[in-house]
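Below is one structure, written out as structure tokens, with a few remarks after it.
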Amino acid sequence: MVGGGVIGLSIAYELAGKGRQVLLVEKGQLGREASWAGAGLLPPANENEAWDPQEQLRGLSHRLFPEWSAQLKAETEIDNEFEITGGLYLARDPGEAASLRMACVHYEEEGVEVQRLDPQQVAERFPHLQSSHSMRDAVYLPGEAVVRNPRHLQALVQGCRNRGVRFLENTEVASWRFQGEELASVEVNGQEIFPGACCLATGAWSQLLTDQVLDQGNFSGRMQRPEIEPIRGQLVLLDAGERFFSSPINEGVRYIVPRRDGLVLVGATVEEVGFDKSNTAEAIEDLTQFAREWVPKLASAKRVKAWSGLRPASVDRIPYLGQLPGLSNVYLAAGHYRSGLHLSPATAAVMSQLMCGEKPQIDLQPFRVNRA
């Protein structure tokens, strides 16, 4: 495995659970990029009603997440704070309202429960919320869940260790050697390693790594290269002192997520700024004010810290899951954009099946690496 974010760790965990020997190489620290930076939101899905492979992937993850959470807690004694909280979705302008209505239709077609709320119902059920005459639509999804992503990553790391996965942190693959269409060896820390298979799961850096592999193997021009760009998301953490509401609040791409200990996570921007992970005062102030507009009690909440992450976005916002065309034992799992954490258990399931020579339980054709 190359890449120690939630996708790489989950695949390593699943492969090790199948009895495979796994070495995971991470250029930085394990689980400290986009996986750690996000909010841990897990939108609802229904595996039984899903017919499209993308919906099936979401549905499978929705089923697996509580199972993985319980299993990881039993194996590591680390609680990732998974819980079904429900999620409140609000719209203030016509564009947001139209998008929300379309999303509701899609959810209902999948058999996901959707509760449309009028202003009075919102006021009664969510007394902490600022009622506003500009609120055009409000929807509650009872099946939405949350997980505390840094703790989920800690559990995954420990779970991998318990299963025998070896880690090389702050390390990069120096070179790749091929025999025909097969990866024969890689050079890491001056040593030659001979993997039976290799999966690239390096998030926003996956296109750079894939280009390196194809160029060093002289495979350039043989395939449509995957395109993955970094999309910055800035977040701010507030301390409310106590948890006085439990359901995340969503408006457009922004959200307010309460934690059990009284901390409140507010995000996130969507910015095409390359690999710049810095924060801007304007964005942090805007997010803070966004939270305080919807939840007036947060006006007295202390701002704890701010950070940003780089989401790995494919051009069509569909992840790449599969074998690199022309290479018999090199795979790619990247480009999950805003859904990496959410889709990680299902991604691990299908990728481990593929890498072990089994038929994946979901058709991976829509996720193929060489799609145009």
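How things are named: the first chain in the structure tokens is A, the next is B, and so on; residues count from 1 in each chain; ligands count from 1 in the order shown.
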
Please list as an NGL selection string every residue within 7 Å of stretch 287-303 of chain A, counting only C-alpha atoms and excluding residues in the same chain fewer than 3 positions away.
:A and (128-130 or 237-240 or 256 or 266-267 or 283-284)

Taking N, CA, C and O atoms for each residue, export the selection above as a PDB file, in the first residue's frame.
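Full text of out_20.pdb as output:
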```pdb
ATOM      1  N   HIS A 128     -32.603  25.337  19.516  1.00  0.00           N
ATOM      2  CA  HIS A 128     -31.315  26.041  19.525  1.00  0.00           C
ATOM      3  C   HIS A 128     -31.083  26.808  18.230  1.00  0.00           C
ATOM      4  O   HIS A 128     -30.164  27.622  18.132  1.00  0.00           O
ATOM      5  N   LEU A 129     -31.920  26.549  17.222  1.00  0.00           N
ATOM      6  CA  LEU A 129     -31.708  27.121  15.895  1.00  0.00           C
ATOM      7  C   LEU A 129     -32.355  28.490  15.788  1.00  0.00           C
ATOM      8  O   LEU A 129     -33.456  28.717  16.285  1.00  0.00           O
ATOM      9  N   GLN A 130     -31.679  29.403  15.119  1.00  0.00           N
ATOM     10  CA  GLN A 130     -32.232  30.732  14.862  1.00  0.00           C
ATOM     11  C   GLN A 130     -33.309  30.625  13.782  1.00  0.00           C
ATOM     12  O   GLN A 130     -33.015  30.274  12.638  1.00  0.00           O
ATOM     13  N   LEU A 237     -12.823  25.187  14.699  1.00  0.00           N
ATOM     14  CA  LEU A 237     -13.343  24.450  15.844  1.00  0.00           C
ATOM     15  C   LEU A 237     -13.708  25.429  16.952  1.00  0.00           C
ATOM     16  O   LEU A 237     -12.901  26.256  17.362  1.00  0.00           O
ATOM     17  N   LEU A 238     -14.962  25.319  17.438  1.00  0.00           N
ATOM     18  CA  LEU A 238     -15.452  26.154  18.530  1.00  0.00           C
ATOM     19  C   LEU A 238     -15.669  25.285  19.768  1.00  0.00           C
ATOM     20  O   LEU A 238     -15.944  24.088  19.661  1.00  0.00           O
ATOM     21  N   ASP A 239     -15.569  25.902  20.937  1.00  0.00           N
ATOM     22  CA  ASP A 239     -15.825  25.202  22.196  1.00  0.00           C
ATOM     23  C   ASP A 239     -17.063  25.800  22.843  1.00  0.00           C
ATOM     24  O   ASP A 239     -17.039  26.918  23.361  1.00  0.00           O
ATOM     25  N   ALA A 240     -18.162  25.036  22.800  1.00  0.00           N
ATOM     26  CA  ALA A 240     -19.423  25.504  23.376  1.00  0.00           C
ATOM     27  C   ALA A 240     -19.550  25.151  24.854  1.00  0.00           C
ATOM     28  O   ALA A 240     -20.531  25.525  25.490  1.00  0.00           O
ATOM     29  N   ILE A 256     -22.363  22.460  10.445  1.00  0.00           N
ATOM     30  CA  ILE A 256     -22.055  22.688  11.861  1.00  0.00           C
ATOM     31  C   ILE A 256     -22.242  21.339  12.550  1.00  0.00           C
ATOM     32  O   ILE A 256     -23.357  20.798  12.576  1.00  0.00           O
ATOM     33  N   VAL A 266     -16.993  23.473  12.430  1.00  0.00           N
ATOM     34  CA  VAL A 266     -17.688  24.270  11.411  1.00  0.00           C
ATOM     35  C   VAL A 266     -16.863  24.272  10.130  1.00  0.00           C
ATOM     36  O   VAL A 266     -15.671  24.572  10.143  1.00  0.00           O
ATOM     37  N   GLY A 267     -17.477  23.907   9.041  1.00  0.00           N
ATOM     38  CA  GLY A 267     -16.785  23.905   7.761  1.00  0.00           C
ATOM     39  C   GLY A 267     -17.807  24.064   6.640  1.00  0.00           C
ATOM     40  O   GLY A 267     -18.991  24.186   6.890  1.00  0.00           O
ATOM     41  N   ALA A 283     -11.906  33.483   5.512  1.00  0.00           N
ATOM     42  CA  ALA A 283     -12.689  32.249   5.505  1.00  0.00           C
ATOM     43  C   ALA A 283     -13.040  31.808   6.915  1.00  0.00           C
ATOM     44  O   ALA A 283     -14.180  31.380   7.178  1.00  0.00           O
ATOM     45  N   ILE A 284     -12.091  31.909   7.839  1.00  0.00           N
ATOM     46  CA  ILE A 284     -12.347  31.479   9.215  1.00  0.00           C
ATOM     47  C   ILE A 284     -13.402  32.370   9.873  1.00  0.00           C
ATOM     48  O   ILE A 284     -14.283  31.891  10.593  1.00  0.00           O
TER      49      ILE A 284
END
```

Could I get the residues of stretch 223-335 of chain A with an atom no further than 12 Å from an atom of stretch 140-145 of chain A, each paired with its nearest atom pair and that distance in Å to one decimal, using only C-alpha atoms, sorted by chain and residue number, as CSV?
```
residue,atom,partner,partner_atom,distance
A:Ser246,CA,A:Ala145,CA,10.5
A:Ser247,CA,A:Glu144,CA,8.6
A:Pro248,CA,A:Glu144,CA,8.9
A:Ile249,CA,A:Tyr140,CA,9.5
A:Asn250,CA,A:Tyr140,CA,10.0
A:Val257,CA,A:Ala145,CA,10.9
A:Pro258,CA,A:Ala145,CA,11.9
```

Give me the residues within 9 Å of stretch 38-51 of chain A as a VMD selection string, counting only C-alpha atoms and dropping any in the same chain fewer than 2 places off. chain A and resid 34 to 36 53 to 63 65 84 86 to 87 107 109 to 113 141 to 150 233 235 248 255 to 257 265 to 268 308 to 309 338 to 339 341 to 343

One residue among A:Ala348, A:Leu9, A:Val273, A:Met135 is nearest to A:Leu30 when using only C-alpha atoms, and that residue is A:Leu9

Check your understanding: When DSSP works through the backbone of this structure, what residues of stretch 55-228 of chain A end up as strand (DSSP E), shown as a PyMOL selection string?
Key -> chain A and resi 83-84+87-91+115-116+137-141+145-146+166-168+173-179+182-188+191-193+198-200+228

Taking C-alpha atoms for each residue, export the selection above as a JSON list (two decimals), in the first residue's frame.
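out18.json, written as the output of this step:
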```json
[["chain", "number", "residue", "atom", "x", "y", "z"],
["A", 83, "GLU", "CA", -23.56, 7.47, 16.27],
["A", 84, "ILE", "CA", -26.74, 7.95, 14.28],
["A", 87, "GLY", "CA", -29.03, 15.49, 9.96],
["A", 88, "LEU", "CA", -30.82, 18.79, 9.41],
["A", 89, "TYR", "CA", -30.56, 20.37, 5.95],
["A", 90, "LEU", "CA", -31.53, 23.99, 5.42],
["A", 91, "ALA", "CA", -31.80, 26.27, 2.40],
["A", 115, "GLN", "CA", -38.80, 14.36, 6.65],
["A", 116, "ARG", "CA", -39.76, 17.73, 5.19],
["A", 137, "ASP", "CA", -36.69, 24.75, 2.92],
["A", 138, "ALA", "CA", -35.85, 22.44, 5.80],
["A", 139, "VAL", "CA", -35.34, 18.69, 5.65],
["A", 140, "TYR", "CA", -34.40, 16.17, 8.31],
["A", 141, "LEU", "CA", -32.70, 12.86, 7.46],
["A", 145, "ALA", "CA", -24.63, 9.42, 11.20],
["A", 146, "VAL", "CA", -21.38, 10.98, 12.36],
["A", 166, "ARG", "CA", 3.89, -2.78, 8.88],
["A", 167, "PHE", "CA", 4.21, 0.98, 8.44],
["A", 168, "LEU", "CA", 6.88, 3.20, 6.95],
["A", 173, "VAL", "CA", 8.87, 5.28, -2.92],
["A", 174, "ALA", "CA", 12.09, 6.27, -4.68],
["A", 175, "SER", "CA", 11.70, 4.20, -7.84],
["A", 176, "TRP", "CA", 9.55, 1.57, -9.53],
["A", 177, "ARG", "CA", 10.92, -1.37, -11.55],
["A", 178, "PHE", "CA", 8.80, -3.34, -14.00],
["A", 179, "GLN", "CA", 9.16, -6.62, -15.85],
["A", 182, "GLU", "CA", 4.15, -6.38, -13.92],
["A", 183, "LEU", "CA", 5.53, -4.30, -11.07],
["A", 184, "ALA", "CA", 8.56, -6.31, -10.00],
["A", 185, "SER", "CA", 9.99, -4.19, -7.20],
["A", 186, "VAL", "CA", 10.09, -0.77, -5.57],
["A", 187, "GLU", "CA", 12.94, 1.03, -3.87],
["A", 188, "VAL", "CA", 12.13, 2.35, -0.40],
["A", 191, "GLN", "CA", 16.00, -1.16, 0.03],
["A", 192, "GLU", "CA", 14.41, -3.13, -2.80],
["A", 193, "ILE", "CA", 10.97, -4.54, -1.94],
["A", 198, "CYS", "CA", 0.54, -2.50, -4.95],
["A", 199, "CYS", "CA", -2.36, -0.11, -4.41],
["A", 200, "LEU", "CA", -1.93, 3.65, -4.73],
["A", 228, "ILE", "CA", -7.20, 14.26, -9.57]]
```

*Residues near A:Arg136, cut-off 9 Å, only C-alpha atoms, skip fewer than 3 positions along chain, as an MDAnalysis selection string*: chainID A and resid 90:94 96:97 119 133

Using only N, CA and C atoms, please write the residues we just selected to a file, as an mmCIF file, in the first residue's frame.
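Contents of the output file part.cif:
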```cif
data_model
loop_
_atom_site.group_PDB
_atom_site.id
_atom_site.type_symbol
_atom_site.label_atom_id
_atom_site.label_comp_id
_atom_site.auth_asym_id
_atom_site.auth_seq_id
_atom_site.Cartn_x
_atom_site.Cartn_y
_atom_site.Cartn_z
ATOM 1 N N LEU A 90 -30.810 22.729 5.548
ATOM 2 C CA LEU A 90 -31.525 23.994 5.415
ATOM 3 C C LEU A 90 -31.143 24.692 4.117
ATOM 4 N N ALA A 91 -32.066 25.486 3.604
ATOM 5 C CA ALA A 91 -31.805 26.273 2.398
ATOM 6 C C ALA A 91 -32.365 27.669 2.584
ATOM 7 N N ARG A 92 -31.535 28.662 2.249
ATOM 8 C CA ARG A 92 -31.978 30.055 2.383
ATOM 9 C C ARG A 92 -32.198 30.753 1.048
ATOM 10 N N ASP A 93 -31.573 30.284 -0.010
ATOM 11 C CA ASP A 93 -31.764 30.949 -1.303
ATOM 12 C C ASP A 93 -32.343 29.958 -2.313
ATOM 13 N N PRO A 94 -32.850 30.455 -3.439
ATOM 14 C CA PRO A 94 -33.521 29.577 -4.401
ATOM 15 C C PRO A 94 -32.639 28.449 -4.927
ATOM 16 N N GLU A 96 -30.074 26.933 -3.402
ATOM 17 C CA GLU A 96 -29.928 25.909 -2.371
ATOM 18 C C GLU A 96 -31.205 25.099 -2.235
ATOM 19 N N ALA A 97 -32.349 25.776 -2.293
ATOM 20 C CA ALA A 97 -33.636 25.095 -2.154
ATOM 21 C C ALA A 97 -33.855 24.100 -3.288
ATOM 22 N N PRO A 119 -41.560 25.752 9.004
ATOM 23 C CA PRO A 119 -40.877 26.586 9.999
ATOM 24 C C PRO A 119 -41.277 26.294 11.441
ATOM 25 N N HIS A 133 -36.998 34.162 8.611
ATOM 26 C CA HIS A 133 -38.007 34.253 7.555
ATOM 27 C C HIS A 133 -37.398 33.931 6.195
#
```

**alpha helix (DSSP H) residues, from DSSP on the backbone, in stretch 164-329 of chain A, as a ChimeraX atom specification** = /A:206-216,281-294

Resulting file, chosen residues, N, CA, C and O atoms, as an mmCIF file, in the first residue's frame:
```cif
data_model
loop_
_atom_site.group_PDB
_atom_site.id
_atom_site.type_symbol
_atom_site.label_atom_id
_atom_site.label_comp_id
_atom_site.auth_asym_id
_atom_site.auth_seq_id
_atom_site.Cartn_x
_atom_site.Cartn_y
_atom_site.Cartn_z
ATOM 1 N N SER A 206 -2.484 11.628 -5.674
ATOM 2 C CA SER A 206 -2.528 10.371 -6.422
ATOM 3 C C SER A 206 -2.199 10.545 -7.903
ATOM 4 O O SER A 206 -1.588 9.667 -8.509
ATOM 5 N N GLN A 207 -2.604 11.666 -8.510
ATOM 6 C CA GLN A 207 -2.265 11.851 -9.914
ATOM 7 C C GLN A 207 -0.764 11.988 -10.088
ATOM 8 O O GLN A 207 -0.181 11.427 -11.034
ATOM 9 N N LEU A 208 -0.111 12.711 -9.186
ATOM 10 C CA LEU A 208 1.338 12.868 -9.273
ATOM 11 C C LEU A 208 2.029 11.516 -9.165
ATOM 12 O O LEU A 208 2.977 11.224 -9.905
ATOM 13 N N LEU A 209 1.566 10.674 -8.241
ATOM 14 C CA LEU A 209 2.188 9.371 -8.052
ATOM 15 C C LEU A 209 1.895 8.454 -9.235
ATOM 16 O O LEU A 209 2.786 7.724 -9.701
ATOM 17 N N THR A 210 0.672 8.485 -9.732
ATOM 18 C CA THR A 210 0.329 7.661 -10.891
ATOM 19 C C THR A 210 1.163 8.047 -12.095
ATOM 20 O O THR A 210 1.654 7.187 -12.840
ATOM 21 N N ASP A 211 1.349 9.353 -12.310
ATOM 22 C CA ASP A 211 2.199 9.820 -13.408
ATOM 23 C C ASP A 211 3.620 9.295 -13.248
ATOM 24 O O ASP A 211 4.257 8.877 -14.225
ATOM 25 N N GLN A 212 4.128 9.300 -12.016
ATOM 26 C CA GLN A 212 5.482 8.802 -11.756
ATOM 27 C C GLN A 212 5.597 7.318 -12.114
ATOM 28 O O GLN A 212 6.557 6.894 -12.765
ATOM 29 N N VAL A 213 4.602 6.542 -11.707
ATOM 30 C CA VAL A 213 4.614 5.106 -11.996
ATOM 31 C C VAL A 213 4.591 4.866 -13.500
ATOM 32 O O VAL A 213 5.380 4.078 -14.038
ATOM 33 N N LEU A 214 3.693 5.544 -14.212
ATOM 34 C CA LEU A 214 3.552 5.331 -15.650
ATOM 35 C C LEU A 214 4.789 5.796 -16.410
ATOM 36 O O LEU A 214 5.222 5.153 -17.375
ATOM 37 N N ASP A 215 5.372 6.911 -15.967
ATOM 38 C CA ASP A 215 6.553 7.427 -16.654
ATOM 39 C C ASP A 215 7.767 6.524 -16.431
ATOM 40 O O ASP A 215 8.515 6.225 -17.370
ATOM 41 N N GLN A 216 7.969 6.082 -15.180
ATOM 42 C CA GLN A 216 9.124 5.226 -14.901
ATOM 43 C C GLN A 216 8.986 3.861 -15.572
ATOM 44 O O GLN A 216 9.983 3.229 -15.909
ATOM 45 N N ALA A 281 -7.852 34.406 7.074
ATOM 46 C CA ALA A 281 -8.644 35.053 8.122
ATOM 47 C C ALA A 281 -10.076 35.268 7.667
ATOM 48 O O ALA A 281 -11.028 35.114 8.444
ATOM 49 N N GLU A 282 -10.246 35.612 6.401
ATOM 50 C CA GLU A 282 -11.586 35.876 5.873
ATOM 51 C C GLU A 282 -12.464 34.629 5.932
ATOM 52 O O GLU A 282 -13.630 34.685 6.355
ATOM 53 N N ALA A 283 -11.906 33.483 5.512
ATOM 54 C CA ALA A 283 -12.689 32.249 5.505
ATOM 55 C C ALA A 283 -13.040 31.808 6.915
ATOM 56 O O ALA A 283 -14.180 31.380 7.178
ATOM 57 N N ILE A 284 -12.091 31.909 7.839
ATOM 58 C CA ILE A 284 -12.347 31.479 9.215
ATOM 59 C C ILE A 284 -13.402 32.370 9.873
ATOM 60 O O ILE A 284 -14.283 31.891 10.593
ATOM 61 N N GLU A 285 -13.337 33.657 9.615
ATOM 62 C CA GLU A 285 -14.340 34.562 10.163
ATOM 63 C C GLU A 285 -15.716 34.269 9.557
ATOM 64 O O GLU A 285 -16.735 34.291 10.261
ATOM 65 N N ASP A 286 -15.746 34.003 8.256
ATOM 66 C CA ASP A 286 -17.012 33.708 7.583
ATOM 67 C C ASP A 286 -17.647 32.439 8.150
ATOM 68 O O ASP A 286 -18.865 32.396 8.399
ATOM 69 N N LEU A 287 -16.847 31.399 8.381
ATOM 70 C CA LEU A 287 -17.367 30.153 8.940
ATOM 71 C C LEU A 287 -17.871 30.366 10.372
ATOM 72 O O LEU A 287 -18.919 29.838 10.762
ATOM 73 N N THR A 288 -17.128 31.135 11.131
ATOM 74 C CA THR A 288 -17.538 31.415 12.509
ATOM 75 C C THR A 288 -18.869 32.144 12.547
ATOM 76 O O THR A 288 -19.770 31.806 13.331
ATOM 77 N N GLN A 289 -19.013 33.138 11.698
ATOM 78 C CA GLN A 289 -20.261 33.894 11.653
ATOM 79 C C GLN A 289 -21.416 33.045 11.138
ATOM 80 O O GLN A 289 -22.548 33.171 11.595
ATOM 81 N N PHE A 290 -21.129 32.159 10.191
ATOM 82 C CA PHE A 290 -22.138 31.230 9.684
ATOM 83 C C PHE A 290 -22.713 30.388 10.825
ATOM 84 O O PHE A 290 -23.934 30.239 10.959
ATOM 85 N N ALA A 291 -21.834 29.866 11.673
ATOM 86 C CA ALA A 291 -22.283 29.042 12.800
ATOM 87 C C ALA A 291 -23.101 29.863 13.787
ATOM 88 O O ALA A 291 -24.138 29.410 14.294
ATOM 89 N N ARG A 292 -22.662 31.078 14.062
ATOM 90 C CA ARG A 292 -23.354 31.910 15.046
ATOM 91 C C ARG A 292 -24.673 32.449 14.528
ATOM 92 O O ARG A 292 -25.597 32.713 15.312
ATOM 93 N N GLU A 293 -24.813 32.602 13.210
ATOM 94 C CA GLU A 293 -26.087 33.031 12.638
ATOM 95 C C GLU A 293 -27.157 31.959 12.836
ATOM 96 O O GLU A 293 -28.294 32.263 13.190
ATOM 97 N N TRP A 294 -26.769 30.701 12.612
ATOM 98 C CA TRP A 294 -27.739 29.621 12.745
ATOM 99 C C TRP A 294 -27.948 29.221 14.202
ATOM 100 O O TRP A 294 -29.049 28.843 14.593
#
```

> If we count only C-alpha atoms, what is near A:Gly335 at a cut-off of 12 Å, once residues fewer than 3 positions away on the same chain are taken out, given as a ChimeraX atom specification?
Replying inline: /A:7,34,200-207,226-231,310-322,332,338-341,343-344,347,367-369

*asked:* Calculated over only C-alpha atoms, which of the candidates A:Gly159, A:Pro195, A:Pro127, A:Gly241 has the smallest distance to A:Leu23?
replied: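 Distance minimum relative to A:Leu23 lands on A:Pro195.
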